[in-house]
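*Asks:* Structure below; questions to follow.
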Amino acid sequence: MIQQRSQLQKSSQAGLVCSPGGQGSPAAVGCRRVAARTSKQRYVCGRGELQITASLIRRDDVHTVTKLPKPIPRDSIRLGLPSKGRMAEDTMQLLKDCALSVYKPNPRQYVAKIPQIPGVEVWFQRASDVVRKLRLGDIDLGIVGYDMFQEIGDGDSDLVVVHEALGFGHCHLALGVPMGGKFANINNLEQLRAMDCWTEETPLRVVTGYHAIAKRFFDQAGFEHVALLTADGALEAAPAMGCADIILDLVSTGVTLKENNLREIEGGRIVDSQGVLVANRRSLTERPQQLLPVLHELLERLDAHLKAEQFYSVIANMRGESPEAVATLLMQQEGLRGLQGPTISPVYSLDGSASGAAAKHGFYACVICVAKKNLYPSVKALQKIGGSGVLVQPMTYIFDEEPLRWQRLLAQLGIDEAAAGNDPAAAAAVLASNGTAAQEAAPARR
């Protein structure tokens with residue numbers, strides 16, 4: 001009975017939604033039903049000491065975010081990173097590619113430094129704890145998967161997505177439905193919802209580790225009878241074991257689903273995910289002089305590297321009457337226009353005299369940026385119009401005049417872009433003055 005009580009306590013704390021008599025329900029672990037209503041059912045364990053409420057999701061359910069306590073004041077800036085798994089490896093590789101080396105002298109330590117950005121502490125945490133500590137303000141910035149941000153962040157307005165596409169950890173959260181049985185002809189979400197077998201007594205049992213996302217999804221999709229079950233792993237086995245009807249989990253290639261006789265259905269793709277950079281809004285507004293310059297540098301480095309990853313630098317020699325004639329010829333080809341246009345310069349060679357003087361011979365070197373996905377067609381087009389000696393080089397960084405995401409962040413924080421310009425210190429001053437003005441105006445409003 002102690003084990004049963006413990007299981008129920010854990011389920012209640014995790015927000016488990018159960019159905020009477022179903023697999024994993026309170027009735028299945030020795031509880032009796034003592035009251036029933038349309039939307040909720042209460043169960044009491046045999047000793048009458050523990051109560052758990054099993055709720056069926058309804059359209060009028062409202063999910064609220066509680067007000068969180070303020071963090072302890074500190075001077076350092078904290079960046080939270082995933083501590084384990086593929087996300088951790090990809091995050092470290094991205095920072096390395098951006099010339100940001102995370103210095104961690106002892107692999108058992110949970111705190112490290114980035115020498116290139118003094119004053120920043122790196123804290124290694126589980127991905128879910130990165131989001132939790134962001135909400136609390138115990139860390140100021142964090143890199144996590146968008147799926148975890150959606151699940152744990154749960155609509156918290158104190159969380160600001162600063163960079164939504166870090167280019168790694170691509171996957172999506174989706175429903176996995178059995179290929180056979182009563183689901184054999186179920187091909188979309190509407191058909192799944194319309195199945196007449198889902199009732200208050202026999203709800204659709206969904207096993208998932210994403211309860212907050214699942215509740216919002218099924219509520220918005222109009223499902224009336226759903227039971228959310230919890231499992232720590234091997235979700236794909238649950239339908240075959242009979243302890244769940246479908247699963248809701250992350251999908252990368254779809255191979256694992258297929259090997260376990262599961263498939264996705266139309267309308268069942270819920271969240272597209274990849275790595276994102278998230279900031280705590282309170283940290284931004286309360287310590288802008290410290291945080292905004294760091295964020296500006298991070299965004300410049302990240303965007304410069306991620307943009308460069310999409311292109312190659314192509315250099316070729318071309319014969320022409322003038323630089324303008326060569327440029328015109330190149331820009332008539334869609335794949336050879338570069339980012340803003342080609343760079344053309346004369347090619348010098350020896351004039352054949354005894355003095356060995358340099359001379360022009362009607363050749364020009366052209367330098368253009370070519371998209372990786374169109375590299376071979378672009379090179380063939382270049383050769384077709386007379387390009388020779390074609391050199392292809394990878395690009396490391398492409399720095400723009402101003403990161404677009406920095407401008408978006410200023411707008412989110414209510415900072416006038418014209419007043420801040422390209423200076424993060426000026427933006428911090430504007431935000432600090434806005435905060436001071438708001439504090440001074442607060443007593444008057446009261």
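By order of appearance in the structure tokens: chains A, B, ..., then residues from 1 within every chain, and ligands from 1 in the order shown.
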Give me the residues within 12 Å of Thr328 (chain A) as a PyMOL selection string, counting only C-alpha atoms and dropping any in the same chain fewer than 4 places off.

*Replies:* chain A and resi 320-324+332-334+336-337+341-344+366+385

*Asks:* Can you list every residue in region 77-204 of chain A that DSSP puts in helix (DSSP H, G or I), as a JSON list (two decimals) with N, CA, C and O atoms, in the first residue's frame?

*Replies:*
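What follows is the written file result.json:
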```
[["chain", "number", "residue", "atom", "x", "y", "z"],
["A", 85, "GLY", "N", 23.73, 14.45, -23.37],
["A", 85, "GLY", "CA", 23.03, 14.07, -24.58],
["A", 85, "GLY", "C", 23.48, 14.83, -25.82],
["A", 85, "GLY", "O", 24.42, 15.62, -25.80],
["A", 86, "ARG", "N", 22.76, 14.57, -26.90],
["A", 86, "ARG", "CA", 23.09, 15.16, -28.19],
["A", 86, "ARG", "C", 22.95, 16.67, -28.16],
["A", 86, "ARG", "O", 23.73, 17.39, -28.79],
["A", 87, "MET", "N", 21.94, 17.19, -27.44],
["A", 87, "MET", "CA", 21.77, 18.64, -27.36],
["A", 87, "MET", "C", 23.00, 19.29, -26.73],
["A", 87, "MET", "O", 23.44, 20.35, -27.18],
["A", 88, "ALA", "N", 23.56, 18.66, -25.71],
["A", 88, "ALA", "CA", 24.75, 19.20, -25.06],
["A", 88, "ALA", "C", 25.93, 19.22, -26.04],
["A", 88, "ALA", "O", 26.66, 20.21, -26.14],
["A", 89, "GLU", "N", 26.11, 18.13, -26.78],
["A", 89, "GLU", "CA", 27.23, 18.06, -27.74],
["A", 89, "GLU", "C", 27.07, 19.10, -28.84],
["A", 89, "GLU", "O", 28.04, 19.79, -29.20],
["A", 90, "ASP", "N", 25.86, 19.22, -29.37],
["A", 90, "ASP", "CA", 25.64, 20.17, -30.46],
["A", 90, "ASP", "C", 25.78, 21.61, -29.99],
["A", 90, "ASP", "O", 26.25, 22.49, -30.73],
["A", 91, "THR", "N", 25.36, 21.89, -28.75],
["A", 91, "THR", "CA", 25.50, 23.24, -28.20],
["A", 91, "THR", "C", 26.96, 23.62, -28.07],
["A", 91, "THR", "O", 27.37, 24.73, -28.45],
["A", 92, "MET", "N", 27.77, 22.72, -27.53],
["A", 92, "MET", "CA", 29.20, 22.99, -27.37],
["A", 92, "MET", "C", 29.87, 23.18, -28.72],
["A", 92, "MET", "O", 30.74, 24.04, -28.88],
["A", 93, "GLN", "N", 29.46, 22.39, -29.71],
["A", 93, "GLN", "CA", 30.05, 22.52, -31.04],
["A", 93, "GLN", "C", 29.68, 23.87, -31.67],
["A", 93, "GLN", "O", 30.52, 24.51, -32.32],
["A", 94, "LEU", "N", 28.44, 24.30, -31.48],
["A", 94, "LEU", "CA", 28.02, 25.59, -32.02],
["A", 94, "LEU", "C", 28.84, 26.72, -31.41],
["A", 94, "LEU", "O", 29.30, 27.62, -32.13],
["A", 95, "LEU", "N", 29.01, 26.70, -30.09],
["A", 95, "LEU", "CA", 29.79, 27.75, -29.44],
["A", 95, "LEU", "C", 31.23, 27.73, -29.93],
["A", 95, "LEU", "O", 31.84, 28.79, -30.16],
["A", 96, "LYS", "N", 31.77, 26.54, -30.13],
["A", 96, "LYS", "CA", 33.14, 26.42, -30.64],
["A", 96, "LYS", "C", 33.23, 27.00, -32.05],
["A", 96, "LYS", "O", 34.20, 27.70, -32.38],
["A", 97, "ASP", "N", 32.25, 26.72, -32.88],
["A", 97, "ASP", "CA", 32.24, 27.25, -34.24],
["A", 97, "ASP", "C", 32.13, 28.77, -34.26],
["A", 97, "ASP", "O", 32.52, 29.42, -35.24],
["A", 127, "ALA", "N", 18.20, 19.84, -19.45],
["A", 127, "ALA", "CA", 17.49, 20.79, -20.31],
["A", 127, "ALA", "C", 16.23, 21.33, -19.63],
["A", 127, "ALA", "O", 15.93, 22.53, -19.72],
["A", 128, "SER", "N", 15.49, 20.47, -18.95],
["A", 128, "SER", "CA", 14.28, 20.93, -18.27],
["A", 128, "SER", "C", 14.60, 21.91, -17.15],
["A", 128, "SER", "O", 13.88, 22.89, -16.93],
["A", 129, "ASP", "N", 15.74, 21.67, -16.46],
["A", 129, "ASP", "CA", 16.12, 22.57, -15.37],
["A", 129, "ASP", "C", 16.65, 23.90, -15.88],
["A", 129, "ASP", "O", 16.57, 24.91, -15.18],
["A", 130, "VAL", "N", 17.20, 23.92, -17.09],
["A", 130, "VAL", "CA", 17.61, 25.19, -17.68],
["A", 130, "VAL", "C", 16.40, 26.11, -17.80],
["A", 130, "VAL", "O", 16.45, 27.29, -17.42],
["A", 131, "VAL", "N", 15.27, 25.56, -18.28],
["A", 131, "VAL", "CA", 14.07, 26.38, -18.43],
["A", 131, "VAL", "C", 13.51, 26.77, -17.06],
["A", 131, "VAL", "O", 13.09, 27.92, -16.85],
["A", 132, "ARG", "N", 13.49, 25.82, -16.12],
["A", 132, "ARG", "CA", 12.97, 26.14, -14.78],
["A", 132, "ARG", "C", 13.77, 27.25, -14.13],
["A", 132, "ARG", "O", 13.21, 28.18, -13.52],
["A", 133, "LYS", "N", 15.08, 27.18, -14.23],
["A", 133, "LYS", "CA", 15.93, 28.20, -13.59],
["A", 133, "LYS", "C", 15.85, 29.52, -14.34],
["A", 133, "LYS", "O", 16.05, 30.59, -13.75],
["A", 134, "LEU", "N", 15.57, 29.47, -15.64],
["A", 134, "LEU", "CA", 15.31, 30.71, -16.37],
["A", 134, "LEU", "C", 14.05, 31.38, -15.84],
["A", 134, "LEU", "O", 14.02, 32.60, -15.66],
["A", 135, "ARG", "N", 13.02, 30.61, -15.61],
["A", 135, "ARG", "CA", 11.78, 31.18, -15.10],
["A", 135, "ARG", "C", 11.98, 31.80, -13.72],
["A", 135, "ARG", "O", 11.43, 32.86, -13.41],
["A", 136, "LEU", "N", 12.79, 31.16, -12.89],
["A", 136, "LEU", "CA", 13.05, 31.68, -11.56],
["A", 136, "LEU", "C", 14.00, 32.86, -11.57],
["A", 136, "LEU", "O", 14.06, 33.62, -10.60],
["A", 146, "TYR", "N", 13.41, 23.84, -28.43],
["A", 146, "TYR", "CA", 12.15, 24.58, -28.39],
["A", 146, "TYR", "C", 11.03, 23.75, -27.77],
["A", 146, "TYR", "O", 10.13, 24.30, -27.13],
["A", 147, "ASP", "N", 11.09, 22.43, -27.93],
["A", 147, "ASP", "CA", 10.08, 21.56, -27.32],
["A", 147, "ASP", "C", 10.11, 21.69, -25.80],
["A", 147, "ASP", "O", 9.05, 21.78, -25.16],
["A", 148, "MET", "N", 11.31, 21.70, -25.21],
["A", 148, "MET", "CA", 11.42, 21.82, -23.76],
["A", 148, "MET", "C", 11.02, 23.22, -23.30],
["A", 148, "MET", "O", 10.40, 23.39, -22.24],
["A", 149, "PHE", "N", 11.33, 24.22, -24.09],
["A", 149, "PHE", "CA", 10.90, 25.58, -23.77],
["A", 149, "PHE", "C", 9.38, 25.67, -23.72],
["A", 149, "PHE", "O", 8.80, 26.28, -22.82],
["A", 150, "GLN", "N", 8.71, 25.06, -24.70],
["A", 150, "GLN", "CA", 7.26, 25.09, -24.73],
["A", 150, "GLN", "C", 6.64, 24.32, -23.57],
["A", 150, "GLN", "O", 5.64, 24.73, -22.99],
["A", 151, "GLU", "N", 7.25, 23.19, -23.21],
["A", 151, "GLU", "CA", 6.70, 22.34, -22.16],
["A", 151, "GLU", "C", 6.89, 22.96, -20.78],
["A", 151, "GLU", "O", 5.94, 23.07, -20.01],
["A", 152, "ILE", "N", 8.10, 23.33, -20.44],
["A", 152, "ILE", "CA", 8.40, 23.81, -19.09],
["A", 152, "ILE", "C", 8.13, 25.31, -18.97],
["A", 152, "ILE", "O", 7.67, 25.80, -17.95],
["A", 153, "GLY", "N", 8.42, 26.06, -20.04],
["A", 153, "GLY", "CA", 8.15, 27.49, -20.02],
["A", 153, "GLY", "C", 6.69, 27.80, -19.90],
["A", 153, "GLY", "O", 6.28, 28.72, -19.19],
["A", 181, "GLY", "N", -5.30, -2.62, -36.24],
["A", 181, "GLY", "CA", -6.39, -2.63, -35.27],
["A", 181, "GLY", "C", -7.43, -1.58, -35.58],
["A", 181, "GLY", "O", -7.72, -1.27, -36.74],
["A", 182, "LYS", "N", -7.99, -0.98, -34.54],
["A", 182, "LYS", "CA", -9.05, 0.01, -34.74],
["A", 182, "LYS", "C", -8.53, 1.32, -35.33],
["A", 182, "LYS", "O", -9.31, 2.18, -35.74],
["A", 183, "PHE", "N", -7.19, 1.46, -35.39],
["A", 183, "PHE", "CA", -6.61, 2.67, -35.96],
["A", 183, "PHE", "C", -6.20, 2.50, -37.42],
["A", 183, "PHE", "O", -5.62, 3.42, -38.01],
["A", 189, "LEU", "N", -6.34, 13.81, -37.76],
["A", 189, "LEU", "CA", -6.75, 14.15, -36.39],
["A", 189, "LEU", "C", -8.27, 14.15, -36.25],
["A", 189, "LEU", "O", -8.80, 13.73, -35.21],
["A", 190, "GLU", "N", -8.98, 14.61, -37.26],
["A", 190, "GLU", "CA", -10.44, 14.65, -37.19],
["A", 190, "GLU", "C", -11.02, 13.25, -37.05],
["A", 190, "GLU", "O", -11.96, 13.03, -36.27],
["A", 191, "GLN", "N", -10.47, 12.30, -37.79],
["A", 191, "GLN", "CA", -10.95, 10.91, -37.68],
["A", 191, "GLN", "C", -10.64, 10.33, -36.31],
["A", 191, "GLN", "O", -11.45, 9.57, -35.75],
["A", 192, "LEU", "N", -9.49, 10.68, -35.76],
["A", 192, "LEU", "CA", -9.14, 10.19, -34.42],
["A", 192, "LEU", "C", -10.11, 10.75, -33.38],
["A", 192, "LEU", "O", -10.59, 10.01, -32.51],
["A", 193, "ARG", "N", -10.44, 12.01, -33.47],
["A", 193, "ARG", "CA", -11.37, 12.63, -32.52],
["A", 193, "ARG", "C", -12.78, 12.06, -32.67],
["A", 193, "ARG", "O", -13.51, 11.91, -31.69],
["A", 194, "ALA", "N", -13.18, 11.72, -33.90],
["A", 194, "ALA", "CA", -14.54, 11.28, -34.16],
["A", 194, "ALA", "C", -14.79, 9.81, -33.79],
["A", 194, "ALA", "O", -15.93, 9.35, -33.86]]
```

*Asks:* Find the spatial neighbours of Asp423 (chain A), counting only C-alpha atoms, within a cut-off of 10 Å - ignore same-chain residues fewer than 6 positions away - and output them as an MDAnalysis selection string.

*Replies:* chainID A and resid 292:293 296 417

*Asks:* List every residue of region 242-336 of chain A that DSSP, applied to the backbone, labels as strand (DSSP E or B), and write the result as a PyMOL selection string.

*Replies:* chain A and resi 246-251+262-263+266+269-273+275-280+311-319

*Asks:* Hey, what's within 7 Å of region 245-261 of chain A if we count only C-alpha atoms and toss same-chain stuff fewer than 3 positions away? As a list in words, please?

*Replies:*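 Here the qualifying residues turn out to be His170, Cys171, His172, Leu173, Ala174, Leu175, Gly176, Val177, Pro178, Met179, Leu204, Arg205, Val206, Val207, Thr208, Leu235, Glu236, Ala237 and Pro239 of chain A.
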
*Asks:* Pull C-alpha atoms from the residues just selected and write them as an mmCIF file, in the first residue's frame.

*Replies:*
```cif
data_model
loop_
_atom_site.group_PDB
_atom_site.id
_atom_site.type_symbol
_atom_site.label_atom_id
_atom_site.label_comp_id
_atom_site.auth_asym_id
_atom_site.auth_seq_id
_atom_site.Cartn_x
_atom_site.Cartn_y
_atom_site.Cartn_z
ATOM 1 C CA HIS A 170 15.956 19.383 -35.414
ATOM 2 C CA CYS A 171 12.940 17.229 -34.529
ATOM 3 C CA HIS A 172 9.210 17.573 -34.020
ATOM 4 C CA LEU A 173 6.653 16.564 -31.439
ATOM 5 C CA ALA A 174 3.948 14.381 -32.952
ATOM 6 C CA LEU A 175 1.288 11.772 -32.282
ATOM 7 C CA GLY A 176 2.209 8.159 -32.945
ATOM 8 C CA VAL A 177 -0.784 5.988 -33.830
ATOM 9 C CA PRO A 178 -0.766 2.158 -34.302
ATOM 10 C CA MET A 179 -0.798 0.983 -37.900
ATOM 11 C CA LEU A 204 -8.193 8.120 -25.386
ATOM 12 C CA ARG A 205 -5.073 7.101 -23.460
ATOM 13 C CA VAL A 206 -1.997 9.069 -24.517
ATOM 14 C CA VAL A 207 1.414 8.326 -23.031
ATOM 15 C CA THR A 208 3.814 11.257 -23.185
ATOM 16 C CA LEU A 235 6.977 5.199 -25.137
ATOM 17 C CA GLU A 236 6.738 3.419 -28.473
ATOM 18 C CA ALA A 237 6.134 0.110 -26.659
ATOM 19 C CA PRO A 239 0.407 0.784 -27.433
#
```

*Asks:* So how far away is CA of Arg269 (chain A) from CA of Thr202 (chain A), in Å?

*Replies:*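 Computed distance, CA of Thr202 (chain A) to CA of Arg269 (chain A), equals 24.2 Å.
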
*Asks:* If we count only C-alpha atoms, what is near Leu306 (chain A) at a cut-off of 12 Å, once residues fewer than 6 positions away on the same chain are taken out, given as a ChimeraX atom specification?

*Replies:* /A:94-95,97-98,163,165-168,298-300,395-400,403

*Asks:* Can those selected residues be exported to a file as a compact mmCIF listing (two decimals), in the first residue's frame so that it contains N, CA and C atoms?

*Replies:*
```txt
# COMPACT_ATOMS: atom_id res chain seq x y z
N LEU A 94 28.44 24.30 -31.48
CA LEU A 94 28.02 25.59 -32.02
C LEU A 94 28.84 26.72 -31.41
N LEU A 95 29.01 26.70 -30.09
CA LEU A 95 29.79 27.75 -29.44
C LEU A 95 31.23 27.73 -29.93
N ASP A 97 32.25 26.72 -32.88
CA ASP A 97 32.24 27.25 -34.24
C ASP A 97 32.13 28.77 -34.26
N CYS A 98 31.56 29.33 -33.20
CA CYS A 98 31.43 30.79 -33.08
C CYS A 98 32.63 31.40 -32.35
N HIS A 163 16.89 33.95 -29.91
CA HIS A 163 17.27 33.35 -31.20
C HIS A 163 16.49 32.05 -31.34
N ALA A 165 16.37 29.88 -34.00
CA ALA A 165 16.81 28.90 -35.00
C ALA A 165 18.32 28.73 -34.94
N LEU A 166 18.80 27.97 -33.95
CA LEU A 166 20.25 27.77 -33.80
C LEU A 166 20.79 26.67 -34.72
N GLY A 167 19.91 26.00 -35.44
CA GLY A 167 20.36 25.11 -36.49
C GLY A 167 20.77 23.72 -36.07
N PHE A 168 20.47 23.30 -34.86
CA PHE A 168 20.77 21.92 -34.45
C PHE A 168 19.60 21.39 -33.61
N LEU A 298 26.64 37.81 -28.51
CA LEU A 298 26.20 36.44 -28.81
C LEU A 298 25.42 36.39 -30.12
N LEU A 299 24.51 37.34 -30.31
CA LEU A 299 23.70 37.35 -31.52
C LEU A 299 24.56 37.60 -32.76
N GLU A 300 25.52 38.52 -32.64
CA GLU A 300 26.40 38.78 -33.78
C GLU A 300 27.20 37.54 -34.16
N MET A 395 32.97 29.29 -45.95
CA MET A 395 32.94 30.59 -45.28
C MET A 395 32.75 30.36 -43.79
N THR A 396 33.40 31.18 -42.99
CA THR A 396 33.34 31.04 -41.53
C THR A 396 32.30 31.97 -40.92
N TYR A 397 32.34 33.24 -41.32
CA TYR A 397 31.41 34.21 -40.77
C TYR A 397 30.96 35.18 -41.87
N ILE A 398 29.70 35.62 -41.75
CA ILE A 398 29.19 36.72 -42.57
C ILE A 398 28.53 37.70 -41.60
N PHE A 399 29.22 38.76 -41.28
CA PHE A 399 28.68 39.75 -40.35
C PHE A 399 27.86 40.78 -41.10
N ASP A 400 26.63 40.95 -40.67
CA ASP A 400 25.78 41.99 -41.24
C ASP A 400 25.99 43.30 -40.48
N PRO A 403 22.47 42.68 -36.54
CA PRO A 403 21.66 41.46 -36.50
C PRO A 403 20.17 41.79 -36.43
```

*Asks:* Between A:Asp232, A:Pro203, A:Lys215, A:Gln290, which has the minimum distance to Ala244 (chain A) (counting only C-alpha atoms)?

*Replies:* A:Pro203

*Asks:* Report the distance between CA of Gly389 (chain A) and CA of Ser313 (chain A) in Å, rounded to one decimal place.

*Replies:* 13.6 Å

*Asks:* Show which residues sit within 8 Å of region 137-139 of chain A, as a PyMOL selection string. Count only C-alpha atoms, and ignore same-chain residues fewer than 4 positions away.

*Replies:* chain A and resi 70-72+77-80+130+133+280+282-283

*Asks:* Using CA of Glu402 (chain A) and CA of Val102 (chain A) as the two end points, give the distance in Å to one decimal.

*Replies:*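 Computed distance, CA of Glu402 (chain A) to CA of Val102 (chain A), equals 25.5 Å.
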